[in-house]
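> A single structure is presented below for examination.
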Amino acid sequence: MKKNKSNKPRLRFFEDSPGQQHIADSDKYLYQRPVPSHNLVIIGTGTIGQEHMRVATLLGRAQIHGIYDTQKHSMDIAEANFSRYSEKPLLRYQDLDSACNDPAVDALFICTPNHTHFEILQTAIKSGKAIFLEKPMATDLQDAAATEAMARAYSSFIQIGLQYRYKAQYVEAFHEALSRASLGEIKTISLSEYRPPFLDKVEQWNKFNANSGGTLVEKCCHYFDLINLLAQSQPTKVYASGGQAVNFIDFERDGNASDIDDHAFVVIDYANGTRANFTLNMFCHDFSEELVVSGDRGRLTAKEVFNFHQQQGSKASLAIEAGELGGSKTIDVTYPALIEQSGHHGATYFEHIAFVDQLEGRSVPAATPLQGLWSMVVASAAQASMASGGAVDINQFMAANGLADYLNA
Ligand SMILES: NC(=O)c1ccc[n+]([C@@H]2O[C@H](COP(=O)([O-])OP(=O)(O)OC[C@H]3O[C@@H](n4cnc5c(N)ncnc54)[C@H](O)[C@@H]3O)[C@@H](O)[C@H]2O)c1
């Protein structure tokens, strides 16, 4: 039997169906599963660490070799959940050094809270292994820039967990707006997220700006990455207004009151003349995202609604309006249900494909540390604008933060 090729269709419905289990392994061609070629270690087995375990297993091109977390409880839960979909034994490392330096392992996934990323990276990078670093890459611009410089000098690669670019509606939006140029020259970009509050976390790290880097850094780096990709230019000016209106206003831990923002309006000017805005509201009952891009020839709207109270799966769509200048359309965009349900509406699955492709030496449009840094520049400038009440000039902001070398680089 020949080796499973990656372009062969996966028919998991039949692979998993009870009526097909009589097909012996030696007879499997369509049902043959990929043999994992890479071993991964997950550092931080909380919400997203477990999503990476699930998604890597579903994809099947790499396998989870071991886990490490400072909380035994997190590892116990991760292991118990893992055993529901995988028979593979998991190694538990006793410390970070051994988790990073197992010769049997090809890549490290850093899935710990934001304020631990930079320190963990110092140990991880000594391994010489490929690294997946969750977003935001750090909590401040100095550590983010130092990470970017370390990545440039690294013998392997660092991929940042900005996977929203792989959501089905944004893949289509990029294709229409950038590859097909269906909208002509892009002039304005509006993006919004309406959602429930930040969820409970281990030791509630995300309720404090000191741990998360601030709400716009922690959560909205995803959206600033998307806007930067669409604008295809460097930001020049950022103005923002926002604050903490509803969420966690009575929340305290160890005598410290939560200080995280729950809503914001951000306006961004780009060097090429593109103007963008971003709206965040985190005191809603369900999730929705909307992107509107307008060019001199048309308008695009990409939407995603996840109405979990009604127990509905995510619904995403894309609309193009070109008036008398060309074709208009409205389409539903989706991934197979089991991929969508594996996490972040399927975006994490395609992020894993990109990671494994990079491991195998292919060049892919995965999030780079430089792109991660620019998403943090916009987020941090917006937070600075909210604090000062004035617009932030990006040239001055970069110089004040020791990042002038990145301008027009
Ligand atoms: N890309 C995305 O869409 C996405 C989604 C969720 C979270 N994240 C990011 O993933 C990271 C983790 O978030 P989460 O939601 O999984 O949080 P979580 O609180 O659910 O899990 C974090 C885990 O890290 C462990 N941990 C803390 N410090 C550690 C250390 N020094 N060494 C080893 N383990 C440590 C904790 O015990 C916990 O089990 C954050 O950076 C967050 O921003 C990204």
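Letters A, B, ... mark the chains of the structure tokens in the order given; residue numbers begin at 1 per chain; ligand numbers begin at 1, in order shown.
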Within 8 Å of ligand 1, counting only C-alpha atoms and all ligand atoms: which residues, as a ChimeraX atom specification?
/A:43-50,68-75,96,110-117,120,134-137,161-164,200-206,212,218-219,222,344,348
> Find the residues near Asp97 (chain A): any atom within 9 Å, counting only C-alpha atoms, skip ones fewer than 4 places away on the same chain, and give them as a PyMOL selection string.
chain A and resi 93+101-102+123-124
> Taking the DSSP secondary structure from the backbone, can you list the residues of region 84-260 of chain A that are strand (DSSP E or B), as JSON, numbers by chain?
{"A": [91, 92, 107, 108, 109, 110, 130, 131, 132, 133, 158, 159, 160, 186, 187, 188, 189, 190, 191, 192, 193, 194, 235, 236, 237, 238, 239, 240, 241, 242, 243, 252, 253, 256, 257]}
> For the contact check between region 287-359 of chain A and region 264-279 of chain A, emit one row per residue of region 287-359 of chain A within 12 Å, containing the shortest atom pair and the distance in Å rounded to one decimal, counting only C-alpha atoms, chain then rising number order, as JSON lines.

```
{"residue": "A:Ser288", "atom": "CA", "partner": "A:Thr279", "partner_atom": "CA", "distance": 11.5}
{"residue": "A:Glu289", "atom": "CA", "partner": "A:Thr279", "partner_atom": "CA", "distance": 9.7}
{"residue": "A:Glu290", "atom": "CA", "partner": "A:Thr279", "partner_atom": "CA", "distance": 9.7}
{"residue": "A:Leu291", "atom": "CA", "partner": "A:Phe278", "partner_atom": "CA", "distance": 9.2}
{"residue": "A:Val292", "atom": "CA", "partner": "A:Ala276", "partner_atom": "CA", "distance": 9.8}
{"residue": "A:Val293", "atom": "CA", "partner": "A:Ala276", "partner_atom": "CA", "distance": 9.0}
{"residue": "A:Ser294", "atom": "CA", "partner": "A:Thr274", "partner_atom": "CA", "distance": 9.9}
{"residue": "A:Gly295", "atom": "CA", "partner": "A:Thr274", "partner_atom": "CA", "distance": 9.6}
{"residue": "A:Asp296", "atom": "CA", "partner": "A:Thr274", "partner_atom": "CA", "distance": 11.5}
```
> Could you save those same residues with N, CA, C and O atoms as an mmCIF file, in the first residue's frame?

```cif
data_model
loop_
_atom_site.group_PDB
_atom_site.id
_atom_site.type_symbol
_atom_site.label_atom_id
_atom_site.label_comp_id
_atom_site.auth_asym_id
_atom_site.auth_seq_id
_atom_site.Cartn_x
_atom_site.Cartn_y
_atom_site.Cartn_z
ATOM 1 N N SER A 288 -20.409 38.149 17.522
ATOM 2 C CA SER A 288 -20.503 38.463 16.095
ATOM 3 C C SER A 288 -19.325 39.343 15.683
ATOM 4 O O SER A 288 -18.841 40.160 16.459
ATOM 5 N N GLU A 289 -18.872 39.084 14.467
ATOM 6 C CA GLU A 289 -17.783 39.889 13.881
ATOM 7 C C GLU A 289 -18.256 40.375 12.533
ATOM 8 O O GLU A 289 -18.939 39.624 11.812
ATOM 9 N N GLU A 290 -17.894 41.604 12.185
ATOM 10 C CA GLU A 290 -18.253 42.095 10.852
ATOM 11 C C GLU A 290 -17.098 42.923 10.280
ATOM 12 O O GLU A 290 -16.586 43.828 10.943
ATOM 13 N N LEU A 291 -16.732 42.578 9.074
ATOM 14 C CA LEU A 291 -15.696 43.319 8.349
ATOM 15 C C LEU A 291 -16.335 43.957 7.124
ATOM 16 O O LEU A 291 -17.038 43.278 6.368
ATOM 17 N N VAL A 292 -16.128 45.272 6.945
ATOM 18 C CA VAL A 292 -16.599 45.940 5.736
ATOM 19 C C VAL A 292 -15.387 46.612 5.094
ATOM 20 O O VAL A 292 -14.694 47.410 5.746
ATOM 21 N N VAL A 293 -15.111 46.264 3.855
ATOM 22 C CA VAL A 293 -13.981 46.862 3.129
ATOM 23 C C VAL A 293 -14.550 47.556 1.906
ATOM 24 O O VAL A 293 -15.327 46.953 1.147
ATOM 25 N N SER A 294 -14.174 48.818 1.706
ATOM 26 C CA SER A 294 -14.668 49.553 0.537
ATOM 27 C C SER A 294 -13.497 50.033 -0.304
ATOM 28 O O SER A 294 -12.514 50.564 0.230
ATOM 29 N N GLY A 295 -13.637 49.833 -1.606
ATOM 30 C CA GLY A 295 -12.634 50.326 -2.535
ATOM 31 C C GLY A 295 -13.283 51.266 -3.531
ATOM 32 O O GLY A 295 -14.472 51.590 -3.403
ATOM 33 N N ASP A 296 -12.539 51.692 -4.542
ATOM 34 C CA ASP A 296 -13.126 52.627 -5.505
ATOM 35 C C ASP A 296 -14.007 51.905 -6.532
ATOM 36 O O ASP A 296 -14.619 52.539 -7.378
#
```
> Residues within 10 Å of Ile394 (chain A), please, as a ChimeraX atom specification. Count only C-alpha atoms; anything in the same chain fewer than 6 positions from it doesn't count.
/A:234-238,269-270,377-378,381,400,404,407
> Just to confirm, what's the straight-line distance from CA of Gln94 (chain A) to CA of Ile67 (chain A) in Å (one decimal)?
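We find that CA of Gln94 (chain A) and CA of Ile67 (chain A) lie 9.4 Å from each other.
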> In Å, rounded to a single decimal, give me how far CA of Phe287 (chain A) is from CA of Phe308 (chain A).
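Computing the Euclidean distance for CA of Phe308 (chain A) and CA of Phe287 (chain A) yields 8.0 Å.
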> Give me, as CSV, the closest atom pair and its distance (Å, one decimal) for every residue of region 166-243 of chain A within a cut-off of 8 Å of region 321-338 of chain A, counting only C-alpha atoms, rows sorted by chain and rising number.

```
residue,atom,partner,partner_atom,distance
A:Ala168,CA,A:Thr334,CA,5.9
A:Gln169,CA,A:Val333,CA,5.9
A:Glu172,CA,A:Val333,CA,8.0
A:Ser182,CA,A:Ala322,CA,7.9
A:Leu183,CA,A:Ala322,CA,7.3
```
> I need the chosen residues saved as a PDB file, in the first residue's frame, with C-alpha atoms.

```pdb
ATOM      1  CA  ALA A 168     -13.310  30.981   6.299  1.00  0.00           C
ATOM      2  CA  GLN A 169     -14.891  34.418   5.721  1.00  0.00           C
ATOM      3  CA  GLU A 172     -12.483  34.662   1.092  1.00  0.00           C
ATOM      4  CA  SER A 182     -12.661  42.954  -6.742  1.00  0.00           C
ATOM      5  CA  LEU A 183     -13.081  46.230  -4.838  1.00  0.00           C
TER       6      LEU A 183
END
```
> Figure out the distance between CA of Val356 (chain A) and CA of Pro34 (chain A), please, to one decimal in Å.
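Interatomic distance, CA of Pro34 (chain A) to CA of Val356 (chain A): 12.8 Å.
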> Where does DSSP see alpha helix (DSSP H) in region 121-211 of chain A, if you list the residues as a PyMOL selection string?
chain A and resi 121-124+141-152+168-174+209-211
> Put those residues in a file: N, CA, C and O atoms, as a tab-separated table (two decimals), in the first residue's frame.

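Listing of part-v3.tsv after writing:
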```tsv
chain	number	residue	atom	x	y	z
A	121	LEU	N	9.97	31.83	26.36
A	121	LEU	CA	10.67	31.82	25.06
A	121	LEU	C	12.19	31.75	25.24
A	121	LEU	O	12.89	31.13	24.43
A	122	GLN	N	12.72	32.40	26.31
A	122	GLN	CA	14.18	32.41	26.52
A	122	GLN	C	14.70	30.97	26.66
A	122	GLN	O	15.78	30.65	26.17
A	123	THR	N	13.93	30.12	27.32
A	123	THR	CA	14.32	28.70	27.47
A	123	THR	C	14.03	27.94	26.18
A	123	THR	O	14.87	27.17	25.70
A	124	ALA	N	12.83	28.19	25.61
A	124	ALA	CA	12.41	27.43	24.43
A	124	ALA	C	13.38	27.63	23.26
A	124	ALA	O	13.71	26.67	22.54
A	141	LEU	N	5.77	46.31	24.08
A	141	LEU	CA	6.42	46.42	22.77
A	141	LEU	C	7.90	46.08	22.83
A	141	LEU	O	8.45	45.56	21.85
A	142	GLN	N	8.54	46.34	23.97
A	142	GLN	CA	9.98	46.05	24.07
A	142	GLN	C	10.20	44.52	23.97
A	142	GLN	O	11.06	44.07	23.22
A	143	ASP	N	9.42	43.76	24.73
A	143	ASP	CA	9.56	42.30	24.68
A	143	ASP	C	9.14	41.76	23.30
A	143	ASP	O	9.72	40.80	22.79
A	144	ALA	N	8.12	42.39	22.70
A	144	ALA	CA	7.67	41.95	21.37
A	144	ALA	C	8.78	42.19	20.34
A	144	ALA	O	9.06	41.32	19.50
A	145	ALA	N	9.43	43.36	20.42
A	145	ALA	CA	10.51	43.66	19.47
A	145	ALA	C	11.71	42.75	19.71
A	145	ALA	O	12.35	42.28	18.76
A	146	ALA	N	12.00	42.47	20.99
A	146	ALA	CA	13.12	41.55	21.29
A	146	ALA	C	12.81	40.15	20.74
A	146	ALA	O	13.69	39.47	20.20
A	147	THR	N	11.54	39.74	20.84
A	147	THR	CA	11.13	38.44	20.30
A	147	THR	C	11.31	38.42	18.78
A	147	THR	O	11.81	37.44	18.20
A	148	GLU	N	10.91	39.51	18.15
A	148	GLU	CA	11.03	39.60	16.68
A	148	GLU	C	12.50	39.50	16.27
A	148	GLU	O	12.84	38.79	15.32
A	149	ALA	N	13.39	40.19	17.04
A	149	ALA	CA	14.82	40.15	16.71
A	149	ALA	C	15.38	38.73	16.94
A	149	ALA	O	16.18	38.24	16.13
A	150	MET	N	14.94	38.09	18.02
A	150	MET	CA	15.40	36.71	18.28
A	150	MET	C	14.94	35.78	17.16
A	150	MET	O	15.68	34.89	16.74
A	151	ALA	N	13.73	36.00	16.67
A	151	ALA	CA	13.19	35.14	15.60
A	151	ALA	C	14.00	35.31	14.32
A	151	ALA	O	14.26	34.34	13.60
A	152	ARG	N	14.39	36.57	14.05
A	152	ARG	CA	15.16	36.83	12.81
A	152	ARG	C	16.50	36.09	12.86
A	152	ARG	O	17.02	35.65	11.83
A	168	ALA	N	-12.86	31.18	7.68
A	168	ALA	CA	-13.31	30.98	6.30
A	168	ALA	C	-13.69	32.31	5.63
A	168	ALA	O	-13.33	32.57	4.47
A	169	GLN	N	-14.41	33.18	6.36
A	169	GLN	CA	-14.89	34.42	5.72
A	169	GLN	C	-13.74	35.39	5.45
A	169	GLN	O	-13.82	36.18	4.51
A	170	TYR	N	-12.67	35.32	6.27
A	170	TYR	CA	-11.55	36.24	6.02
A	170	TYR	C	-10.65	35.72	4.89
A	170	TYR	O	-10.08	36.51	4.13
A	171	VAL	N	-10.52	34.40	4.78
A	171	VAL	CA	-9.77	33.83	3.64
A	171	VAL	C	-10.42	34.30	2.34
A	171	VAL	O	-9.74	34.76	1.41
A	172	GLU	N	-11.75	34.22	2.30
A	172	GLU	CA	-12.48	34.66	1.09
A	172	GLU	C	-12.35	36.17	0.91
A	172	GLU	O	-12.21	36.66	-0.22
A	173	ALA	N	-12.43	36.92	2.01
A	173	ALA	CA	-12.33	38.38	1.92
A	173	ALA	C	-10.96	38.79	1.37
A	173	ALA	O	-10.86	39.66	0.49
A	174	PHE	N	-9.88	38.15	1.87
A	174	PHE	CA	-8.54	38.47	1.36
A	174	PHE	C	-8.44	38.14	-0.12
A	174	PHE	O	-7.83	38.88	-0.90
A	209	ASN	N	-4.49	44.05	33.44
A	209	ASN	CA	-3.66	44.53	32.32
A	209	ASN	C	-2.20	44.10	32.47
A	209	ASN	O	-1.53	43.85	31.46
A	210	ALA	N	-1.72	44.03	33.71
A	210	ALA	CA	-0.31	43.68	33.92
A	210	ALA	C	-0.01	42.28	33.36
A	210	ALA	O	1.10	42.01	32.91
A	211	ASN	N	-0.99	41.40	33.37
A	211	ASN	CA	-0.79	40.03	32.86
A	211	ASN	C	-1.08	39.91	31.37
A	211	ASN	O	-0.49	39.10	30.67
```
> Can you pull out the residues contacting Phe224 (chain A)? Cut-off 8 Å, using only C-alpha atoms, and skip same-chain residues under 2 positions away; I want them as a list of chain:residue names.
A:Cys220, A:Cys221, A:His222, A:Leu226, A:Ile227, A:Asn228, A:Ser375, A:Met376, A:Val378, A:Ala379
> Tell me, as a list in words, which residues lie within 12 Å of Pro103 (chain A), counting only C-alpha atoms; anything in the same chain fewer than 4 positions away does not count.
His38, Asn39, Leu40, Val41, His65, Asp97, Ser98, Ala99, Ala107, Leu108, Ser127, Gly128 and Lys129 of chain A
> As a list in words, please: the residues near Ala409 (chain A) (cut-off 12 Å, only C-alpha atoms, same-chain neighbours under 3 positions excluded).
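Non-adjacent residues within range: Ser233, Gln234, Leu370, Trp374, Leu403, Ala404, Asp405 and Tyr406 of chain A.
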> Find the residues around region 362-369 of chain A up to 6 Å (only C-alpha atoms counted), leave out those fewer than 2 positions away in its own chain, and share them as a PDB file with all heavy atoms, in the first residue's frame.

```pdb
ATOM      1  N   GLU A 148      10.911  39.507  18.150  1.00  0.00           N
ATOM      2  CA  GLU A 148      11.029  39.601  16.684  1.00  0.00           C
ATOM      3  C   GLU A 148      12.504  39.504  16.272  1.00  0.00           C
ATOM      4  O   GLU A 148      12.840  38.788  15.318  1.00  0.00           O
ATOM      5  CB  GLU A 148      10.397  40.921  16.210  1.00  0.00           C
ATOM      6  CG  GLU A 148      10.123  41.003  14.721  1.00  0.00           C
ATOM      7  CD  GLU A 148      11.359  41.268  13.887  1.00  0.00           C
ATOM      8  OE1 GLU A 148      12.260  42.013  14.354  1.00  0.00           O
ATOM      9  OE2 GLU A 148      11.459  40.735  12.771  1.00  0.00           O
ATOM     10  N   GLN A 159       6.273  30.805  14.787  1.00  0.00           N
ATOM     11  CA  GLN A 159       4.975  31.202  14.199  1.00  0.00           C
ATOM     12  C   GLN A 159       4.097  31.735  15.337  1.00  0.00           C
ATOM     13  O   GLN A 159       4.033  31.147  16.408  1.00  0.00           O
ATOM     14  CB  GLN A 159       4.309  29.989  13.530  1.00  0.00           C
ATOM     15  CG  GLN A 159       3.001  30.318  12.839  1.00  0.00           C
ATOM     16  CD  GLN A 159       2.423  29.116  12.075  1.00  0.00           C
ATOM     17  OE1 GLN A 159       3.154  28.365  11.441  1.00  0.00           O
ATOM     18  NE2 GLN A 159       1.109  28.941  12.158  1.00  0.00           N
ATOM     19  N   ILE A 160       3.414  32.850  15.069  1.00  0.00           N
ATOM     20  CA  ILE A 160       2.569  33.479  16.096  1.00  0.00           C
ATOM     21  C   ILE A 160       1.112  33.028  15.913  1.00  0.00           C
ATOM     22  O   ILE A 160       0.636  32.892  14.781  1.00  0.00           O
ATOM     23  CB  ILE A 160       2.674  35.028  16.014  1.00  0.00           C
ATOM     24  CG1 ILE A 160       4.141  35.488  16.072  1.00  0.00           C
ATOM     25  CG2 ILE A 160       1.859  35.696  17.131  1.00  0.00           C
ATOM     26  CD1 ILE A 160       4.873  35.188  17.359  1.00  0.00           C
ATOM     27  N   LEU A 162      -1.776  34.032  15.489  1.00  0.00           N
ATOM     28  CA  LEU A 162      -2.796  34.945  14.940  1.00  0.00           C
ATOM     29  C   LEU A 162      -3.562  34.194  13.846  1.00  0.00           C
ATOM     30  O   LEU A 162      -3.362  34.425  12.649  1.00  0.00           O
ATOM     31  CB  LEU A 162      -2.124  36.209  14.389  1.00  0.00           C
ATOM     32  CG  LEU A 162      -1.523  37.118  15.465  1.00  0.00           C
ATOM     33  CD1 LEU A 162      -0.571  38.144  14.846  1.00  0.00           C
ATOM     34  CD2 LEU A 162      -2.612  37.836  16.259  1.00  0.00           C
ATOM     35  N   ASP A 357       3.403  22.621   7.488  1.00  0.00           N
ATOM     36  CA  ASP A 357       4.045  22.932   6.196  1.00  0.00           C
ATOM     37  C   ASP A 357       5.390  23.631   6.424  1.00  0.00           C
ATOM     38  O   ASP A 357       6.390  23.311   5.784  1.00  0.00           O
ATOM     39  CB  ASP A 357       3.134  23.826   5.341  1.00  0.00           C
ATOM     40  CG  ASP A 357       2.044  23.028   4.622  1.00  0.00           C
ATOM     41  OD1 ASP A 357       2.105  21.777   4.633  1.00  0.00           O
ATOM     42  OD2 ASP A 357       1.132  23.653   4.044  1.00  0.00           O
ATOM     43  N   GLN A 358       5.403  24.605   7.366  1.00  0.00           N
ATOM     44  CA  GLN A 358       6.671  25.296   7.670  1.00  0.00           C
ATOM     45  C   GLN A 358       7.697  24.318   8.225  1.00  0.00           C
ATOM     46  O   GLN A 358       8.874  24.378   7.864  1.00  0.00           O
ATOM     47  CB  GLN A 358       6.451  26.399   8.719  1.00  0.00           C
ATOM     48  CG  GLN A 358       5.867  27.677   8.175  1.00  0.00           C
ATOM     49  CD  GLN A 358       6.384  28.895   8.943  1.00  0.00           C
ATOM     50  OE1 GLN A 358       7.490  29.369   8.686  1.00  0.00           O
ATOM     51  NE2 GLN A 358       5.577  29.409   9.838  1.00  0.00           N
ATOM     52  N   GLU A 360       8.005  21.367   7.487  1.00  0.00           N
ATOM     53  CA  GLU A 360       8.481  20.537   6.373  1.00  0.00           C
ATOM     54  C   GLU A 360       9.180  21.373   5.312  1.00  0.00           C
ATOM     55  O   GLU A 360       9.414  20.914   4.196  1.00  0.00           O
ATOM     56  CB  GLU A 360       7.293  19.736   5.793  1.00  0.00           C
ATOM     57  CG  GLU A 360       6.795  18.726   6.825  1.00  0.00           C
ATOM     58  CD  GLU A 360       5.525  17.976   6.429  1.00  0.00           C
ATOM     59  OE1 GLU A 360       4.970  18.274   5.343  1.00  0.00           O
ATOM     60  OE2 GLU A 360       5.094  17.112   7.205  1.00  0.00           O
ATOM     61  N   GLN A 371       4.772  40.485  11.892  1.00  0.00           N
ATOM     62  CA  GLN A 371       3.342  40.814  11.812  1.00  0.00           C
ATOM     63  C   GLN A 371       2.721  40.869  13.213  1.00  0.00           C
ATOM     64  O   GLN A 371       1.869  41.713  13.498  1.00  0.00           O
ATOM     65  CB  GLN A 371       2.603  39.793  10.932  1.00  0.00           C
ATOM     66  CG  GLN A 371       2.998  39.911   9.472  1.00  0.00           C
ATOM     67  CD  GLN A 371       2.474  38.768   8.621  1.00  0.00           C
ATOM     68  OE1 GLN A 371       2.290  37.647   9.095  1.00  0.00           O
ATOM     69  NE2 GLN A 371       2.243  39.048   7.346  1.00  0.00           N
ATOM     70  N   GLY A 372       3.180  39.956  14.086  1.00  0.00           N
ATOM     71  CA  GLY A 372       2.705  39.979  15.473  1.00  0.00           C
ATOM     72  C   GLY A 372       3.075  41.284  16.150  1.00  0.00           C
ATOM     73  O   GLY A 372       2.280  41.871  16.897  1.00  0.00           O
TER      74      GLY A 372
END
```
> Tell me which of A:Ser155, A:Ser179, A:Ser241, A:Ser83 sits closest to Ser388 (chain A), counting only C-alpha atoms.
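When distances to Ser388 (chain A) are compared using only C-alpha atoms, the smallest one comes from A:Ser241.
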> Let me make sure I understand: among A:Ser17, A:Thr301, A:Ser385, A:Gln311, which one has the smallest atom-to-atom distance to Ala177 (chain A) if we use only C-alpha atoms?
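Checking each candidate against Ala177 (chain A), we get A:Thr301 as the closest.
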